[in-house]
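So this one's input_22.cif, mmCIF, C-alpha atoms:
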```cif
data_target
#
loop_
_atom_site.label_atom_id
_atom_site.label_comp_id
_atom_site.auth_asym_id
_atom_site.auth_seq_id
_atom_site.Cartn_x
_atom_site.Cartn_y
_atom_site.Cartn_z
CA MET A 1 -3.02 -6.34 -14.54
CA GLN A 2 -5.20 -7.76 -11.79
CA LEU A 3 -6.74 -6.08 -8.77
CA THR A 4 -8.90 -7.51 -6.00
CA HIS A 5 -11.72 -5.72 -4.21
CA LYS A 6 -12.64 -7.24 -0.85
CA VAL A 7 -16.17 -6.31 0.18
CA ALA A 8 -18.04 -7.13 3.39
CA LEU A 9 -21.26 -9.11 2.97
CA CYS A 10 -24.55 -8.83 4.86
CA PRO A 11 -25.98 -12.37 4.63
CA THR A 12 -29.14 -13.61 6.27
CA PRO A 13 -28.76 -16.38 8.90
CA GLU A 14 -29.71 -18.99 6.26
CA GLN A 15 -27.14 -17.62 3.81
CA ALA A 16 -24.43 -17.52 6.51
CA ASP A 17 -25.20 -21.18 7.27
CA ASN A 18 -24.79 -22.02 3.57
CA PHE A 19 -21.47 -20.17 3.55
CA ALA A 20 -20.27 -22.19 6.53
CA ARG A 21 -21.31 -25.47 4.91
CA ALA A 22 -19.50 -24.55 1.68
CA CYS A 23 -16.34 -23.71 3.66
CA GLY A 24 -16.60 -27.04 5.49
CA THR A 25 -17.00 -28.84 2.17
CA ALA A 26 -13.90 -27.20 0.72
CA ARG A 27 -11.92 -28.12 3.85
CA ARG A 28 -13.09 -31.75 3.86
CA VAL A 29 -12.35 -32.23 0.14
CA TRP A 30 -8.87 -30.75 0.64
CA ASN A 31 -8.19 -33.23 3.45
CA TRP A 32 -9.46 -36.14 1.34
CA ALA A 33 -7.30 -35.13 -1.63
CA LEU A 34 -4.22 -34.61 0.53
CA GLY A 35 -4.74 -37.98 2.22
CA GLU A 36 -5.02 -39.77 -1.14
CA TRP A 37 -1.98 -37.88 -2.42
CA ASN A 38 0.10 -39.02 0.57
CA LYS A 39 -1.06 -42.63 0.15
CA GLN A 40 -0.07 -42.72 -3.51
CA TYR A 41 3.27 -41.08 -2.81
CA ALA A 42 4.02 -43.56 0.00
CA ALA A 43 3.21 -46.42 -2.41
CA GLY A 44 5.82 -45.15 -4.87
CA GLN A 45 3.31 -43.67 -7.33
CA LYS A 46 3.36 -40.21 -8.85
CA PRO A 47 0.22 -38.38 -7.62
CA ASN A 48 -1.67 -35.98 -9.87
CA ALA A 49 -4.27 -33.50 -8.67
CA MET A 50 -6.44 -33.75 -11.78
CA ALA A 51 -6.45 -37.54 -11.61
CA LEU A 52 -7.56 -37.30 -7.98
CA LYS A 53 -10.31 -34.92 -9.04
CA LYS A 54 -11.63 -37.39 -11.62
CA ARG A 55 -11.58 -40.15 -9.03
CA PHE A 56 -13.44 -37.97 -6.55
CA ASN A 57 -16.09 -37.02 -9.12
CA ALA A 58 -16.74 -40.72 -9.74
CA ILE A 59 -17.50 -41.47 -6.07
CA LYS A 60 -18.79 -38.22 -4.55
CA TYR A 61 -22.49 -39.09 -5.14
CA SER A 62 -22.25 -42.79 -4.26
CA ASP A 63 -19.56 -43.40 -1.65
CA ARG A 64 -20.85 -43.82 1.92
CA GLN A 65 -18.56 -41.18 3.40
CA TRP A 66 -20.17 -38.55 1.14
CA LEU A 67 -23.79 -39.49 1.92
CA ASP A 68 -25.99 -38.10 4.70
CA GLU A 69 -27.90 -40.10 7.31
CA ASN A 70 -30.69 -40.70 4.77
CA GLY A 71 -28.28 -42.07 2.19
CA GLN A 72 -28.54 -38.98 -0.01
CA PRO A 73 -25.50 -37.21 -1.58
CA TRP A 74 -25.30 -34.01 0.45
CA LEU A 75 -22.73 -32.53 -1.95
CA LYS A 76 -25.58 -31.77 -4.36
CA THR A 77 -26.75 -29.03 -1.99
CA ILE A 78 -23.33 -27.31 -2.15
CA HIS A 79 -22.11 -25.38 -5.16
CA ARG A 80 -19.72 -27.44 -7.30
CA ASP A 81 -16.82 -24.96 -7.16
CA ALA A 82 -16.56 -25.43 -3.40
CA HIS A 83 -15.52 -29.08 -3.86
CA ALA A 84 -13.74 -28.69 -7.23
CA GLN A 85 -11.26 -25.90 -6.53
CA PRO A 86 -9.42 -27.58 -3.60
CA PHE A 87 -7.72 -29.90 -6.12
CA ALA A 88 -6.24 -26.94 -8.01
CA HIS A 89 -5.16 -25.37 -4.71
CA LEU A 90 -3.48 -28.65 -3.69
CA ALA A 91 -1.56 -28.80 -6.99
CA LYS A 92 -0.32 -25.23 -6.46
CA ALA A 93 0.70 -26.02 -2.89
CA TRP A 94 2.81 -29.01 -3.95
CA ASN A 95 4.36 -27.09 -6.86
CA ARG A 96 5.30 -24.28 -4.48
CA PHE A 97 6.75 -26.79 -2.02
CA PHE A 98 8.99 -28.45 -4.61
CA ALA A 99 10.01 -25.07 -6.06
CA HIS A 100 11.15 -23.89 -2.62
CA ILE A 101 13.04 -27.14 -2.05
CA LYS A 102 14.79 -26.76 -5.41
CA ALA A 103 15.69 -23.14 -4.64
CA GLY A 104 17.02 -24.04 -1.20
CA LYS A 105 14.33 -22.07 0.63
CA PRO A 106 12.59 -23.19 3.83
CA ALA A 107 9.48 -25.17 2.94
CA HIS A 108 6.90 -27.48 4.50
CA GLU A 109 4.53 -29.95 2.90
CA PRO A 110 0.83 -29.11 2.54
CA ARG A 111 -0.98 -29.85 5.78
CA PHE A 112 -4.42 -31.09 6.72
CA LYS A 113 -6.93 -28.39 7.65
CA LYS A 114 -8.67 -28.51 11.00
CA LYS A 115 -12.04 -26.97 11.72
CA GLY A 116 -11.70 -23.87 13.86
CA ARG A 117 -8.01 -23.42 13.05
CA SER A 118 -7.85 -23.09 9.28
CA ARG A 119 -9.26 -20.13 7.37
CA ASP A 120 -12.86 -20.61 6.27
CA SER A 121 -13.19 -19.84 2.55
CA PHE A 122 -14.43 -21.22 -0.76
CA TYR A 123 -13.98 -20.23 -4.40
CA VAL A 124 -16.58 -19.26 -7.00
CA ALA A 125 -15.74 -19.16 -10.73
CA ASN A 126 -16.42 -15.99 -12.71
CA ASP A 127 -19.24 -17.53 -14.77
CA LYS A 128 -21.12 -18.74 -11.69
CA PHE A 129 -21.94 -15.39 -10.04
CA ARG A 130 -23.11 -11.93 -11.02
CA VAL A 131 -22.55 -8.52 -9.41
CA ASP A 132 -25.24 -5.86 -9.71
CA GLY A 133 -24.55 -2.70 -7.72
CA LYS A 134 -24.47 -3.62 -4.04
CA THR A 135 -25.76 -7.14 -4.64
CA ILE A 136 -23.97 -10.32 -5.62
CA ARG A 137 -25.84 -13.38 -6.80
CA LEU A 138 -24.13 -16.63 -5.78
CA PRO A 139 -25.10 -20.15 -6.91
CA LYS A 140 -27.18 -22.26 -4.51
CA ILE A 141 -27.42 -19.21 -2.20
CA GLY A 142 -29.09 -16.43 -4.16
CA GLU A 143 -28.69 -12.68 -3.87
CA VAL A 144 -26.50 -11.45 -1.00
CA ALA A 145 -26.24 -7.79 0.01
CA MET A 146 -22.81 -6.13 -0.10
CA THR A 147 -21.75 -3.07 1.91
CA GLU A 148 -20.43 -1.30 -1.22
CA ALA A 149 -20.40 -1.67 -4.98
CA LEU A 150 -17.51 -3.17 -6.92
CA ARG A 151 -14.89 -0.51 -7.64
CA PHE A 152 -13.58 -1.97 -10.90
CA GLU A 153 -15.93 -2.43 -13.84
CA ARG A 154 -13.84 -4.75 -15.98
CA LYS A 155 -13.51 -8.46 -16.66
CA ILE A 156 -14.15 -10.47 -13.48
CA LEU A 157 -11.83 -13.45 -13.04
CA GLY A 158 -13.29 -15.06 -9.94
CA ALA A 159 -14.28 -14.57 -6.32
CA THR A 160 -13.44 -16.01 -2.91
CA VAL A 161 -15.90 -15.92 -0.02
CA SER A 162 -14.21 -15.98 3.38
CA ARG A 163 -14.98 -15.48 7.06
CA THR A 164 -13.18 -13.38 9.67
CA ALA A 165 -14.62 -13.82 13.17
CA ASP A 166 -18.40 -13.72 12.51
CA ASN A 167 -18.16 -11.46 9.44
CA TRP A 168 -18.29 -12.66 5.83
CA PHE A 169 -16.40 -11.11 2.93
CA VAL A 170 -16.12 -11.64 -0.80
CA ALA A 171 -12.85 -10.88 -2.62
CA ILE A 172 -13.49 -10.33 -6.33
CA GLN A 173 -10.53 -10.53 -8.73
CA VAL A 174 -10.78 -8.14 -11.68
CA GLU A 175 -8.55 -7.73 -14.71
CA VAL A 176 -8.04 -3.99 -15.25
CA PRO A 177 -6.17 -1.97 -17.91
CA ASP A 178 -2.80 -0.38 -17.13
CA ALA A 179 -4.35 3.08 -16.89
CA GLN A 180 -6.47 1.92 -13.97
CA PHE A 181 -3.77 -0.15 -12.31
CA TYR A 182 -1.02 2.47 -12.18
CA ARG A 183 -1.41 5.51 -9.92
CA ARG A 184 0.15 8.95 -10.09
CA ARG A 185 2.50 10.05 -7.34
CA THR A 186 2.16 13.41 -5.63
CA ALA A 187 5.89 13.99 -5.08
CA ASN A 188 9.31 12.74 -6.17
CA GLY A 189 11.10 12.35 -2.85
CA VAL A 190 13.66 9.74 -1.84
CA GLN A 191 13.22 8.14 1.57
CA GLY A 192 15.16 5.74 3.75
CA VAL A 193 12.89 3.86 6.16
CA ASP A 194 14.20 2.27 9.35
CA LEU A 195 11.69 -0.03 11.06
CA GLY A 196 11.78 -0.41 14.80
CA LEU A 197 9.84 -0.96 18.01
CA LYS A 198 10.23 2.41 19.72
CA ALA A 199 8.91 4.04 16.53
CA ALA A 200 7.29 1.87 13.87
CA ALA A 201 9.17 3.77 11.16
CA THR A 202 11.86 6.43 11.26
CA LEU A 203 12.29 8.29 7.97
CA SER A 204 15.48 9.83 6.66
CA SER A 205 13.63 13.18 6.60
CA GLY A 206 13.62 13.08 10.41
CA GLU A 207 9.97 12.12 10.83
CA THR A 208 9.13 9.36 13.30
CA ILE A 209 5.87 7.43 12.98
CA GLU A 210 4.51 5.70 16.07
CA ALA A 211 2.66 2.40 15.75
CA PRO A 212 -0.79 2.04 17.36
CA LYS A 213 0.29 -1.29 18.98
CA PRO A 214 -3.28 -2.64 19.22
CA LEU A 215 -2.26 -5.90 20.86
CA LYS A 216 -0.59 -4.13 23.76
CA ALA A 217 -3.67 -1.94 24.27
CA ALA A 218 -6.10 -4.86 24.19
CA LEU A 219 -3.97 -7.47 25.96
CA ARG A 220 -5.74 -7.25 29.32
CA ARG A 221 -9.24 -7.80 27.90
CA LEU A 222 -7.85 -10.45 25.56
CA LYS A 223 -6.50 -12.46 28.48
CA ILE A 224 -9.83 -12.21 30.31
CA HIS A 225 -11.81 -13.55 27.34
CA SER A 226 -9.21 -16.27 26.72
CA ARG A 227 -9.52 -17.48 30.31
CA ARG A 228 -13.32 -17.53 30.06
CA LEU A 229 -13.17 -19.68 26.92
CA SER A 230 -10.54 -21.95 28.47
CA ARG A 231 -12.73 -22.62 31.52
CA LYS A 232 -15.65 -23.59 29.27
CA ILE A 233 -13.43 -26.02 27.33
CA GLU A 234 -12.24 -27.62 30.58
CA ALA A 235 -15.88 -27.99 31.68
CA ALA A 236 -16.67 -29.71 28.37
CA LYS A 237 -13.82 -32.16 28.99
CA ILE A 238 -15.26 -33.08 32.37
CA THR A 239 -18.72 -33.53 30.83
CA ALA A 240 -17.23 -35.87 28.23
CA GLY A 241 -15.53 -37.92 30.94
CA PHE A 242 -11.97 -36.64 30.62
CA ALA A 243 -9.72 -35.08 33.24
CA PRO A 244 -9.54 -31.24 33.05
CA ASN A 245 -5.92 -31.17 31.84
CA ALA A 246 -5.97 -34.45 29.91
CA ARG A 247 -4.73 -34.66 26.34
CA LEU A 248 -7.66 -35.65 24.13
CA PRO A 249 -7.32 -38.59 21.71
CA LYS A 250 -7.08 -37.65 18.08
CA GLY A 251 -10.49 -37.11 16.49
CA THR A 252 -12.29 -36.49 19.79
CA ARG A 253 -15.01 -33.83 19.61
CA LEU A 254 -16.18 -32.15 22.77
CA PRO A 255 -19.79 -31.00 23.26
CA VAL A 256 -20.17 -27.32 22.38
CA SER A 257 -22.53 -25.28 24.52
CA ARG A 258 -24.16 -22.01 23.50
CA ASN A 259 -22.12 -20.09 26.05
CA ARG A 260 -18.94 -21.58 24.64
CA LYS A 261 -19.94 -20.46 21.14
CA LYS A 262 -20.63 -16.95 22.42
CA SER A 263 -17.30 -16.83 24.25
CA SER A 264 -15.43 -18.07 21.19
CA ALA A 265 -17.12 -15.48 18.97
CA THR A 266 -16.27 -12.67 21.40
CA LEU A 267 -12.61 -13.70 21.48
CA ALA A 268 -12.51 -13.90 17.68
CA LYS A 269 -13.94 -10.38 17.43
CA ARG A 270 -11.20 -9.10 19.74
CA HIS A 271 -8.50 -10.65 17.56
CA ALA A 272 -10.16 -9.36 14.38
CA ARG A 273 -10.25 -5.82 15.75
CA ILE A 274 -6.54 -5.99 16.62
CA ALA A 275 -5.71 -7.23 13.12
CA ASN A 276 -7.87 -4.52 11.50
CA ILE A 277 -6.20 -1.70 13.45
CA ARG A 278 -2.74 -2.99 12.55
CA ALA A 279 -3.66 -3.45 8.87
CA ASP A 280 -5.23 0.03 8.67
CA PHE A 281 -2.08 1.66 10.06
CA THR A 282 0.24 -0.30 7.75
CA HIS A 283 -1.87 0.39 4.66
CA LYS A 284 -1.91 4.14 5.31
CA LEU A 285 1.84 4.27 6.00
CA THR A 286 2.90 2.22 2.97
CA THR A 287 0.55 4.12 0.66
CA GLN A 288 1.98 7.43 1.85
CA LEU A 289 5.56 6.27 1.31
CA CYS A 290 4.91 4.98 -2.21
CA ARG A 291 2.69 7.90 -3.24
CA GLU A 292 5.14 10.62 -2.13
CA ASN A 293 8.49 9.08 -3.12
CA GLN A 294 10.06 7.91 -6.34
CA ALA A 295 12.49 5.71 -4.39
CA ALA A 296 12.33 4.09 -0.96
CA VAL A 297 14.88 1.93 0.85
CA ILE A 298 13.98 -0.62 3.51
CA GLU A 299 15.96 -3.38 5.24
CA ASP A 300 15.73 -7.10 4.60
CA LEU A 301 14.84 -8.04 8.18
CA HIS A 302 15.13 -11.64 9.37
CA ILE A 303 11.72 -11.58 11.01
CA LYS A 304 11.62 -15.28 11.85
CA GLY A 305 14.90 -14.97 13.71
CA MET A 306 13.71 -11.82 15.49
CA LEU A 307 10.58 -13.60 16.70
CA ALA A 308 12.80 -16.20 18.38
CA ASN A 309 13.65 -13.52 20.96
CA GLU A 310 11.11 -14.26 23.71
CA THR A 311 11.47 -10.77 25.17
CA LEU A 312 10.71 -8.88 21.94
CA ALA A 313 8.58 -11.36 19.98
CA ARG A 314 5.23 -9.93 21.08
CA ALA A 315 6.27 -6.32 20.40
CA ILE A 316 7.66 -7.26 16.97
CA SER A 317 4.44 -9.06 16.04
CA ASP A 318 2.38 -6.10 17.22
CA VAL A 319 4.12 -3.75 14.76
CA GLY A 320 3.80 -6.08 11.74
CA PHE A 321 7.17 -5.92 9.95
CA TRP A 322 6.31 -8.63 7.40
CA MET A 323 3.04 -6.96 6.46
CA PHE A 324 4.89 -3.67 5.91
CA ARG A 325 7.33 -5.18 3.43
CA SER A 326 4.73 -7.14 1.46
CA GLN A 327 2.56 -4.05 1.05
CA MET A 328 5.51 -1.91 0.01
CA GLU A 329 6.42 -4.42 -2.70
CA TYR A 330 3.06 -4.46 -4.46
CA LYS A 331 2.24 -0.77 -3.95
CA ALA A 332 5.63 0.27 -5.34
CA LYS A 333 4.58 -1.32 -8.63
CA ARG A 334 1.33 0.65 -8.74
CA TYR A 335 2.99 4.00 -8.05
CA GLY A 336 6.13 3.36 -10.10
CA THR A 337 8.28 3.70 -7.01
CA ARG A 338 11.74 2.17 -7.01
CA LEU A 339 11.90 -0.08 -3.94
CA VAL A 340 15.41 -0.99 -2.76
CA ILE A 341 15.85 -3.80 -0.23
CA ALA A 342 19.07 -3.29 1.74
CA ASP A 343 21.03 -6.43 2.49
CA ARG A 344 20.30 -8.15 5.79
CA TRP A 345 23.92 -7.70 6.89
CA PHE A 346 24.21 -4.03 5.95
CA PRO A 347 25.25 -2.17 9.18
CA SER A 348 22.86 0.75 8.81
CA SER A 349 22.82 1.56 12.55
CA ARG A 350 26.57 1.24 13.10
CA LEU A 351 27.79 3.39 10.20
CA CYS A 352 28.16 7.13 10.68
CA SER A 353 26.12 8.85 7.99
CA ILE A 354 28.65 11.75 7.94
CA CYS A 355 32.12 10.15 7.80
CA ASP A 356 31.33 6.44 7.18
CA GLY A 357 33.00 5.44 10.46
CA LYS A 358 31.74 2.22 11.99
CA ASN A 359 30.84 1.87 15.66
CA GLU A 360 31.53 -1.78 16.47
CA ALA A 361 30.61 -1.30 20.14
CA LEU A 362 26.99 -0.26 19.45
CA THR A 363 24.45 -2.46 21.23
CA LEU A 364 20.69 -2.77 20.96
CA LYS A 365 20.05 -0.68 24.08
CA ASP A 366 22.10 2.29 22.77
CA ARG A 367 19.52 4.65 21.29
CA GLU A 368 22.03 7.48 20.77
CA TRP A 369 25.77 7.46 20.10
CA THR A 370 28.64 9.76 19.17
CA CYS A 371 30.94 8.94 16.26
CA PRO A 372 34.50 8.45 17.61
CA GLN A 373 36.00 9.72 14.34
CA CYS A 374 34.10 12.93 13.50
CA GLY A 375 32.34 13.55 16.85
CA THR A 376 28.83 13.71 15.33
CA HIS A 377 26.06 12.83 17.77
CA HIS A 378 23.51 10.45 16.21
CA ASP A 379 20.04 9.24 17.01
CA ARG A 380 20.30 5.54 16.26
CA ASP A 381 17.16 5.17 14.14
CA HIS A 382 17.53 8.44 12.23
CA ASN A 383 21.15 7.65 11.42
CA ALA A 384 20.10 4.22 10.10
CA ALA A 385 17.45 5.83 7.89
CA GLN A 386 20.03 8.28 6.53
CA ASN A 387 22.40 5.42 5.66
CA LEU A 388 19.60 3.56 3.91
CA LYS A 389 18.76 6.64 1.85
CA ARG A 390 22.39 6.95 0.75
CA LEU A 391 22.13 3.57 -0.98
CA VAL A 392 20.19 5.23 -3.81
CA THR A 393 21.42 8.82 -3.62
CA ALA A 394 25.19 8.41 -3.30
CA THR A 395 28.00 6.02 -4.15
CA ALA A 396 28.10 2.64 -2.45
CA LEU A 397 28.97 2.74 1.23
CA PRO A 398 32.09 0.94 2.47
CA VAL A 399 31.68 -2.67 3.47
CA ALA A 400 33.31 -3.88 6.67
CA ARG A 401 34.54 -7.33 7.44
CA PRO A 402 32.17 -9.90 8.96
CA SER A 403 31.76 -9.66 12.70
CA GLY A 404 29.77 -11.49 15.31
CA ASN A 405 27.79 -8.42 16.31
CA GLY A 406 26.09 -7.65 13.01
CA GLY A 407 28.82 -6.37 10.72
CA ALA A 408 28.26 -6.50 6.98
CA MET A 409 29.53 -9.52 5.11
CA VAL A 410 32.13 -9.00 2.41
CA GLY A 411 30.48 -8.54 -0.95
CA MET A 412 26.97 -8.54 0.50
CA ALA A 413 26.25 -4.80 0.40
CA PRO A 414 23.90 -3.82 -2.45
CA THR A 415 25.45 -2.06 -5.40
CA VAL A 416 24.22 1.39 -6.38
CA ALA A 417 23.54 2.56 -9.90
CA GLY A 418 23.87 6.31 -9.50
CA LYS A 419 21.62 8.96 -8.02
CA VAL A 420 17.86 9.00 -8.37
CA THR A 421 16.52 11.99 -10.30
CA PRO A 422 12.92 13.12 -10.89
CA ALA A 423 11.39 11.58 -14.01
CA ARG A 424 9.71 13.55 -16.78
CA HIS A 425 7.13 12.80 -19.42
CA GLU A 426 8.36 12.07 -22.91
CA CYS A 427 5.85 14.63 -24.07
CA GLY A 428 7.96 17.39 -22.56
CA GLN A 429 6.15 18.37 -19.33
CA GLN A 430 7.03 17.64 -15.72
CA ASP A 431 5.34 14.51 -14.42
CA THR A 432 4.46 14.42 -10.74
CA SER A 433 4.28 10.64 -10.82
CA GLY A 434 7.78 9.91 -12.08
CA GLN A 435 6.61 6.76 -13.86
CA GLU A 436 8.69 6.53 -17.03
CA LYS A 437 7.27 3.15 -18.01
CA ASN A 438 3.68 4.38 -17.91
CA CYS A 439 4.05 7.84 -19.41
CA ALA A 440 2.87 6.68 -22.84
CA HIS A 441 -0.61 5.67 -21.76
CA LEU A 442 -0.82 8.53 -19.25
CA CYS A 443 -0.10 11.02 -22.05
CA ALA A 444 -2.68 9.32 -24.23
CA LEU A 445 -5.31 9.81 -21.52
CA SER A 446 -4.51 13.50 -20.97
#
```

Written form, structure tokens:
Amino acid sequence: MQLTHKVALCPTPEQADNFARACGTARRVWNWALGEWNKQYAAGQKPNAMALKKRFNAIKYSDRQWLDENGQPWLKTIHRDAHAQPFAHLAKAWNRFFAHIKAGKPAHEPRFKKKGRSRDSFYVANDKFRVDGKTIRLPKIGEVAMTEALRFERKILGATVSRTADNWFVAIQVEVPDAQFYRRRTANGVQGVDLGLKAAATLSSGETIEAPKPLKAALRRLKIHSRRLSRKIEAAKITAGFAPNARLPKGTRLPVSRNRKKSSATLAKRHARIANIRADFTHKLTTQLCRENQAAVIEDLHIKGMLANETLARAISDVGFWMFRSQMEYKAKRYGTRLVIADRWFPSSRLCSICDGKNEALTLKDREWTCPQCGTHHDRDHNAAQNLKRLVTATALPVARPSGNGGAMVGMAPTVAGKVTPARHECGQQDTSGQEKNCAHLCALS
């Protein structure tokens, strides 16, 4: 099993400059490789990433485009992995693209990376760096201070140095044994989780969890800093001889003043803080759900379609539905939690959790409703969470015919394989984790 520990770095100004140059090198090599790949494909050839790498290695110290103003190969001052790994990343990107096309999934071709828009990062192989306590020694850079020591003391597979706003981080991949990868649960509950905007998550137990909504709280200051940066960019256009609202020709670079750099850094910090608050909330919520439950049910939300709603798109993005699901999927493996994804067309909000009656007239603005068959008064979100929970604790719910207002499609409701019961150790004692697959090595450790 593999785990990654992302640690903040404390580089000196010279080291931060070396990081930025390495990131720029990785980006430029990616663009070169992608351009050559597209040329070969357009000519009817079959491109190969490793062949492109060999070709690049033959010219990188002699070709004019890879020499500095003094005619010297500037790539020699950058660690080799920064301009070697982009070829492997390009091969993976194309393989993923063709796999999605073959599977009928939405896909787009690998794209060129633009400075200031793409993520700044570069890779370092496991035999090229060394970690000693709160210090990491990187090639061509030297020893860089870390804010904390590496949590996992096992075989290191590699590292990726990246930048968020003006902060640098290193993500170290470590291969760990199963005993360190799997975690014990503290309870064996079963929970249905209904995601929403009014409450980030409504649980079948009746608990509602409010989202911090950091974007909404910081929107006013964010607009102010965005306007300040925009005015500086318009001033740079005028200085370069363009009209304020003119569309710049491709490849045009505007002069960058110190004030513009400061304004850009301030705006980036604002966005980073918003992302950190949202990630902190989602991590704590998903960890709690996986640690305290042996089974959890969530919906397969069509997030891309939801974001097409101009009225709700900002609020949906502020909650972070996609991040919630991705974290639930990998944390469920660590805690041995059974994660059930309800079908996208399952009418969790419309079904009565008492009598299975379906309210076809329910609209998005109806937060409460009364079942016309049994007379039970429901809170919309809590009723949906109860219906989701029933997918793993009771027999399959009835499936209605397709309808234009969100009814379930025939045959699309998930099947249920009986009730979920607390798991026990094979050694005869009650296990609070409920992880049948991992009980052997857990017993061996006890």

Please determine an axis-aligned box that encloses all atoms of range 224-235 of chain A listed in the file, with 4 Å added on each side, and express its centre and edge lengths in Å to one decimal as JSON.
```
{"center_x": -12.5, "center_y": -20.1, "center_z": 29.2, "size_x": 14.7, "size_y": 23.8, "size_z": 13.0}
```

* Give me, please, the distance in Å between CA of Gly133 in chain A and CA of Phe152 in chain A, quoted to one decimal. => 11.4 Å

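Protein, DNA and RNA residues at most 9 Å from (-23.8, -15.2, -3.4), with only C-alpha atoms, are these: Pro11, Gln15, Phe19, Phe129, Arg130, Thr135, Ile136, Arg137, Leu138, Pro139, Lys140, Ile141, Gly142, Glu143, Val144, Ala145, Val161 and Val170 of chain A.
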
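Evaluated against the shown file, the PyMOL selection byres ((chain A and resi 192) around 8) gives Val190, Gln191, Val193, Asp194, Leu203, Ser204, Ala296, Val297, Ile298, Ala385, Gln386, Asn387, Leu388, Lys389 and Arg390 of chain A.
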
* Shell of 8 Å around range 106-111 of chain A, all atoms listed in the file, local chain residues under 3 positions omitted, as a list in words -> Leu34, Leu90, Ala93, Trp94, Phe97, His100 and Ile101 of chain A

* Could you please determine the separation between CA of Asn276 in chain A and CA of Ala159 in chain A in Å, to one decimal place? =>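 Taking CA of Asn276 in chain A and CA of Ala159 in chain A, their separation equals 21.4 Å.
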
* To do: Could you tell me which of A:Ser264, A:Ala315, A:Val7, A:Arg220 comes closest to Lys134 in chain A if we count all atoms listed in the file?
  => A:Val7

* Smallest atom-to-atom distance to Gly189 in chain A: which of A:Met323, A:Ala295, A:Ile341, A:Ala8, using all atoms listed in the file? -> A:Ala295

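When only C-alpha atoms are used to compute distances to Ile78 in chain A, the closest of the residues A:Ala22, A:Gly104, A:Phe56, A:Thr186 turns out to be A:Ala22.
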
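The closest residue to Ala332 in chain A, picked from A:Asp178, A:Glu292, A:Glu210, A:Asp127 and counting all atoms listed in the file, is A:Glu292.
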
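Among A:Ser263, A:Asn70, A:Asn57, A:Thr370, the residue with the shortest atom-to-atom distance to Arg227 in chain A, counting all atoms listed in the file, is A:Ser263.
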
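When all atoms listed in the file are used to compute distances to Asn383 in chain A, the closest of the residues A:Ser205, A:Gln294, A:Glu299, A:Asp63 turns out to be A:Ser205.
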